[in-house]
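Asks: Quick one: structure below, then a few questions.
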Amino acid sequence: MNRKEFFDRMASDWEKEHRCQKEQAKLEKLAGYFPLSQGHWVLDAGCGTGRLIPFIRKSIGTQGSLVEMDFSREMLKIGQEKYFSENTGFVQSNAQTIPLQNDNFDVVICFALFPHLSQKEKALKEFRRVLKPQSPLVIAHPMSREELNRFHSHVKGPVAQDFLPDRREMEQLFSAARFHNLSIKDEPSLYIAQATA
């Protein structure tokens, strides 16, 4: 089973598992770290079933614009059915070749995606390309790096070796992609890496 088939098959269970109040509370806390404002254009890369949509929309308002992007058609389908609106678009694509214009977004959010990227530096360069100058990329997880890597190591299938790099490797990756001002918050139930294009 390849990676895309894995995520397509788990889409429905993924949505059910993360619909509970406890998970919603985690997402709301996480969204508080996103540097979003009214009118912002936002790319939600690796959006899955669109779990962040309500929180991003609340921050950017009706004048903002949100693009949900994932390589899993089944994940996107669930998000579209739940959250279709005029200021939210859905794009099926991987993060290594983003079919969107340069200098287009005020913020790129990469939630629960980064460990799954096989070409992390290439993806970072694509995120930088679609960001407006001096705009932020946020990599976020509702677990610490240690918690996340331990969790993935126990998952069967193609994601068993999908680990979040340590601080030194993250610094090297972000530097190679020409991001600046990398900051990393890594604590129980929270991981936030943010840098500027």
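Identifiers in the structure tokens: chain A, B, ... in order shown; residue index from 1 per chain; ligand index from 1 in order shown.
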Taking the DSSP assignment computed from this structure's backbone, write out as a ChimeraX atom specification all residues of chain A that belong to alpha helix (DSSP H).
Replies: /A:3-17,21-31,53-60,73-83,120-130,145-153,167-176
Asks: Taking a cut-off of 12 Å and counting only C-alpha atoms, can you build a table that, for each residue of segment 42-100 of chain A near segment 138-148 of chain A, reports the nearest atom pair and how far apart they are in Å (one decimal), sorted by chain then residue number, as JSON lines?
Replies:
```
{"residue": "A:Val42", "atom": "CA", "partner": "A:Val138", "partner_atom": "CA", "distance": 11.0}
{"residue": "A:Leu43", "atom": "CA", "partner": "A:Val138", "partner_atom": "CA", "distance": 10.5}
{"residue": "A:Asp44", "atom": "CA", "partner": "A:Val138", "partner_atom": "CA", "distance": 9.9}
{"residue": "A:Ala45", "atom": "CA", "partner": "A:Ile139", "partner_atom": "CA", "distance": 9.7}
{"residue": "A:Gly46", "atom": "CA", "partner": "A:Ile139", "partner_atom": "CA", "distance": 10.7}
{"residue": "A:Cys47", "atom": "CA", "partner": "A:Ala140", "partner_atom": "CA", "distance": 11.7}
{"residue": "A:Leu52", "atom": "CA", "partner": "A:Ala140", "partner_atom": "CA", "distance": 11.3}
```
Asks: List as a PyMOL selection string the protein and nucleic acid residues near segment 74-89 of chain A, meaning an atom at most 7 Å away when only C-alpha atoms are counted, but skip any in the same chain fewer than 4 places from it.
Replies: chain A and resi 8+11+48-50+62+64-68+70
Asks: Quick one: write out the picked residues with C-alpha atoms as an mmCIF file, in the first residue's frame?
Replies:
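selection06.cif was written with the following content:
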```
data_model
loop_
_atom_site.group_PDB
_atom_site.id
_atom_site.type_symbol
_atom_site.label_atom_id
_atom_site.label_comp_id
_atom_site.auth_asym_id
_atom_site.auth_seq_id
_atom_site.Cartn_x
_atom_site.Cartn_y
_atom_site.Cartn_z
ATOM 1 C CA ASP A 8 -7.384 7.711 1.373
ATOM 2 C CA ALA A 11 -9.975 9.417 5.781
ATOM 3 C CA GLY A 48 -6.600 16.380 5.704
ATOM 4 C CA THR A 49 -10.350 16.547 6.311
ATOM 5 C CA GLY A 50 -10.242 20.270 7.039
ATOM 6 C CA THR A 62 -15.091 36.875 5.232
ATOM 7 C CA GLY A 64 -9.802 36.538 3.894
ATOM 8 C CA SER A 65 -9.210 33.570 1.631
ATOM 9 C CA LEU A 66 -8.317 29.985 2.526
ATOM 10 C CA VAL A 67 -6.871 27.282 0.284
ATOM 11 C CA GLU A 68 -7.089 23.728 1.607
ATOM 12 C CA ASP A 70 -3.955 17.725 0.399
#
```
Asks: Work out how far apart atom CA of Gln119 of chain A and atom CA of Gln96 of chain A are and give it in Å to one decimal.
Replies: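 Calculated distance between atom CA of Gln119 of chain A and atom CA of Gln96 of chain A is 6.9 Å.
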Asks: Looking at A:Ala197, A:Glu121, A:Asp186, A:Ser175, which one is nearest to Pro133 of chain A, with distances taken over only C-alpha atoms?
Replies: A:Ala197
Asks: Just to confirm, what's the straight-line distance from atom CA of Gly39 of chain A to atom CA of Ser72 of chain A in Å (one decimal)?
Replies: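 One can read the atom CA of Gly39 of chain A to atom CA of Ser72 of chain A distance as 27.7 Å.
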Asks: If you run DSSP over the backbone, which residues in segment 93-164 of chain A end up strand (DSSP E)? Put them as a PyMOL selection string.
Replies: chain A and resi 107-111+136-141
Asks: Which residues are near Gln101 of chain A? Cut-off 10 Å, only C-alpha atoms, ignore same chain within fewer than 3 positions. Put them as a list in words.
Replies: Ile98, Asn104, Phe105, Arg129, Val130 and Leu131 of chain A
Asks: Pick from A:Phe90, A:Gln134, A:Tyr33, A:Gln63: nearest to Asn181 of chain A, with only C-alpha atoms counted?
Replies: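 Among A:Phe90, A:Gln134, A:Tyr33, A:Gln63, it is A:Gln134 that comes nearest to Asn181 of chain A.
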Asks: To one decimal place in Å, what is the distance between atom CA of Val107 of chain A and atom CA of Leu137 of chain A?
Replies: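 A separation of 5.9 Å between them.
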Asks: Between A:Leu164, A:Pro136, A:Gly157, A:Glu171, single out the one closest to Asn2 of chain A, counting only C-alpha atoms.
Replies: A:Gly157
Asks: Identify which of the residues A:Phe55, A:Pro115, A:Asp106, A:Ser37 lies closest to Pro158 of chain A, counting only C-alpha atoms when measuring atom-to-atom distances.
Replies: A:Pro115
Asks: Measuring between only C-alpha atoms, which one of A:Phe127, A:Phe151, A:Phe6, A:Phe111 shows the shortest distance to Ala31 of chain A?
Replies: A:Phe111
Asks: Please provide the set of residues having any atom within 8 Å of Leu124 of chain A, restricted to only C-alpha atoms, with same-chain residues fewer than 3 positions apart removed, written as a PyMOL selection string.
Replies: chain A and resi 120-121+127-128+173-174+177
